[in-house]
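The block underneath contains the structure these notes are about, expressed in structure tokens.
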Amino acid sequence: MDAGAEQIVVRHAGPLSGEVNVPGAKNSVLKLMAATLLTDGVTTLTNVPDIADVAIMGDLLSAIGVTWARDPADAATVILTNHGAITPVAPYELVERIRASINVLGPLLTRCGTVTLSMPGGDDFGSRPIDMHVAGLEAMGATFEMRQGYLVARAERLHGATITFEFPSVGATENILTAAVFAKGTTIIDNAAREPEISDLCNFLVAMGADIEGIGSSTLMVHGVERDSLRPVRHEVVPDRIQAATYIAAAAVTGGEVTLINARPEHMEMPLRRFAEMGLTITPQTNGLSVWAPPRMRSIDFATLPYPGIATDYKPLIVTMLSIASGVGIVTENLYPGRFRYVEELLRLGADISTDGHHAVVRGVRQLSGAPVRAPDIRAGAALVVAGLAAHGETIITGVSHIDRGYDDIVGRLSHLGADIHRR
Ligand code: EPU
């Protein structure tokens, strides 16, 4: 059976309990991998999740000139070798598979002075332009032209600039940041995104020899260094706050009690505060956090916002939690207009949700009931798995390849916590 035809089958099985280890963050590791284009030699990344997107990014980097392999002694360690012979071309067949392929733009342009990049693909939830990436790099001296679906960027040597984003775009912040590493002079990124994964990238670059001030803040200042001053390093990928929230949601909808080893509560302050308002007891631990859920949660209203607000990636999980909470929750999506498509799937499980543009009204029902559903993207797919844990009867999820892009063995982890779940 090909991966596209695989299914996850979940049956209602009561409260989850036990410990689960939170893997490294997809949205960090992909960017760290792209940043290895900046310097020759062998980079070692640890705490790398076993997800399909790592392999796709690895294939893209191999086509450009950086080979990768998992350490046979430890599958969570990835070794990337930049052989120095870089071909700054990102072909359509690879780029169209993940949005994060856009992250090769900054490193390649600053290192090679030219890039030919197919326009990026990735999740299908609305238009995801790259105008801020382009405008920022143009302010640093780059020129762009479109040729037969490919974006061709050029810059002899980028120079520093002050770039003020209208909106703190994650990807644009990362591309300007990596491009600025070798630019002449200082680049200031104002209204920069400040997700923990951006800080992880900054810390990685600094360890390599880059000069960055303001890490973790919304003003990043990058002082350009010479190309030969970077060296490869060993770096541990930050734990994945979205996967962590997935296991919190799983505990929540089953009225369970779960400990998340390796979760970083300081990276999840806002969602954890809102989960507490819903009735969960969340207790930070030395190496993670524990969650206890009441038999039934209370509804809340919430809106998605850039970090430190509630990330759009948490939304399908929280909507799933609201779908069986007591009361009514109003949800506002501020990042992606098309990101409510999974609601149709939750309706098939008996949820009571109405959507209107950027808003959803979720009326909590006492019980969901199992049905066949289709995962439309990574996070919504995981949310459907969580919904299946709470639904009476059997829930069969197709579109599993979406979930595999961002989740490291979700079936094994939930099964370990006592869920009745398997793949077939
Ligand atoms: N935007 C523009 N112009 C730009 C850049 C962004 O209009 O030049 C818009 C986008 O269209 C979108 C919004 O700004 O409406 C947010 O985009 P952003 O650049 O912040 O997001 P991204 O870098 O494309 C990353 C994550 C997403 C996550 C968002 C928001 C990766 C690979 N992807 O995307 O994660 O939803 O930030 O937090 O890091 C996922 O992991 O499943 C996922 C989709």
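In the structure tokens, chains take the letters A, B, ... in the order shown, each chain's residues start at 1, and ligands count up from 1 in the order shown.
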
- Task: Name the residues of range 80-269 of chain A that fall into helix (DSSP H, G or I) according to DSSP on the backbone, using the chain letters and numbers of this document, as an NGL selection string.
- Result: :A and (92-95 or 99-112 or 131-139 or 170-180 or 196-208 or 227-229 or 241-253 or 265-267 or 269)

- Message: What residues of the protein or nucleic acid chains come within 8 Å of ligand 1 when you use only C-alpha atoms and all ligand atoms? Reply as a PyMOL selection string.
- Response: chain A and resi 26-28+30-31+98-100+122-123+126-134+167-173+193+195+306-307+311-313+335-337+377-379+406

- Task: With a distance cut-off of 7 Å and only C-alpha atoms, select the neighbouring residues of range 362-365 of chain A, excluding the residue or stretch itself and same-chain residues fewer than 2 positions from it, and output the selection as a list of chain:residue names.
- Result: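 Here the answer would be A:Leu322, A:Ser323, A:Ile324, A:Ala325, A:Ser326, A:Gly327, A:Val328, A:Gly329, A:Ile330, A:Ala351, A:Asp352, A:Ile353, A:Ser354, A:Ala360, A:Gln367.
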
- Residues within 9 Å of Arg405 in chain A, only C-alpha atoms, excluding chain neighbours under 3 positions, as a ChimeraX atom specification: /A:26,51-54,378,400-402,408

Keeping only C-alpha atoms, take the residues you just selected and write them out as a PDB file, in the first residue's frame.
ATOM      1  CA  LYS A  26       9.799  20.463  12.404  1.00  0.00           C
ATOM      2  CA  ILE A  51       9.239  13.073   9.910  1.00  0.00           C
ATOM      3  CA  ALA A  52       8.814  13.080   6.150  1.00  0.00           C
ATOM      4  CA  ASP A  53       9.645  16.770   5.756  1.00  0.00           C
ATOM      5  CA  VAL A  54      13.192  16.206   7.055  1.00  0.00           C
ATOM      6  CA  ILE A 378      -0.467  18.334   8.985  1.00  0.00           C
ATOM      7  CA  VAL A 400      -2.029  10.098   6.633  1.00  0.00           C
ATOM      8  CA  SER A 401       0.913  11.309   4.538  1.00  0.00           C
ATOM      9  CA  HIS A 402       0.055  14.857   5.665  1.00  0.00           C
ATOM     10  CA  ASP A 408       7.131  11.608  14.658  1.00  0.00           C
TER      11      ASP A 408
END

- Using only C-alpha atoms, find the one residue out of A:Met297, A:Leu45, A:Val373, A:Ala75 that sits nearest to Val343 in chain A. A:Val373

- Task: With a distance cut-off of 10 Å and only C-alpha atoms, select the neighbouring residues of Met321 in chain A, excluding the residue or stretch itself and same-chain residues fewer than 3 positions from it, and output the selection as an MDAnalysis selection string.
- Result: chainID A and resid 249:250 252:254 275 278 296:299 315:318 324:325 362 364 383 386:387 390
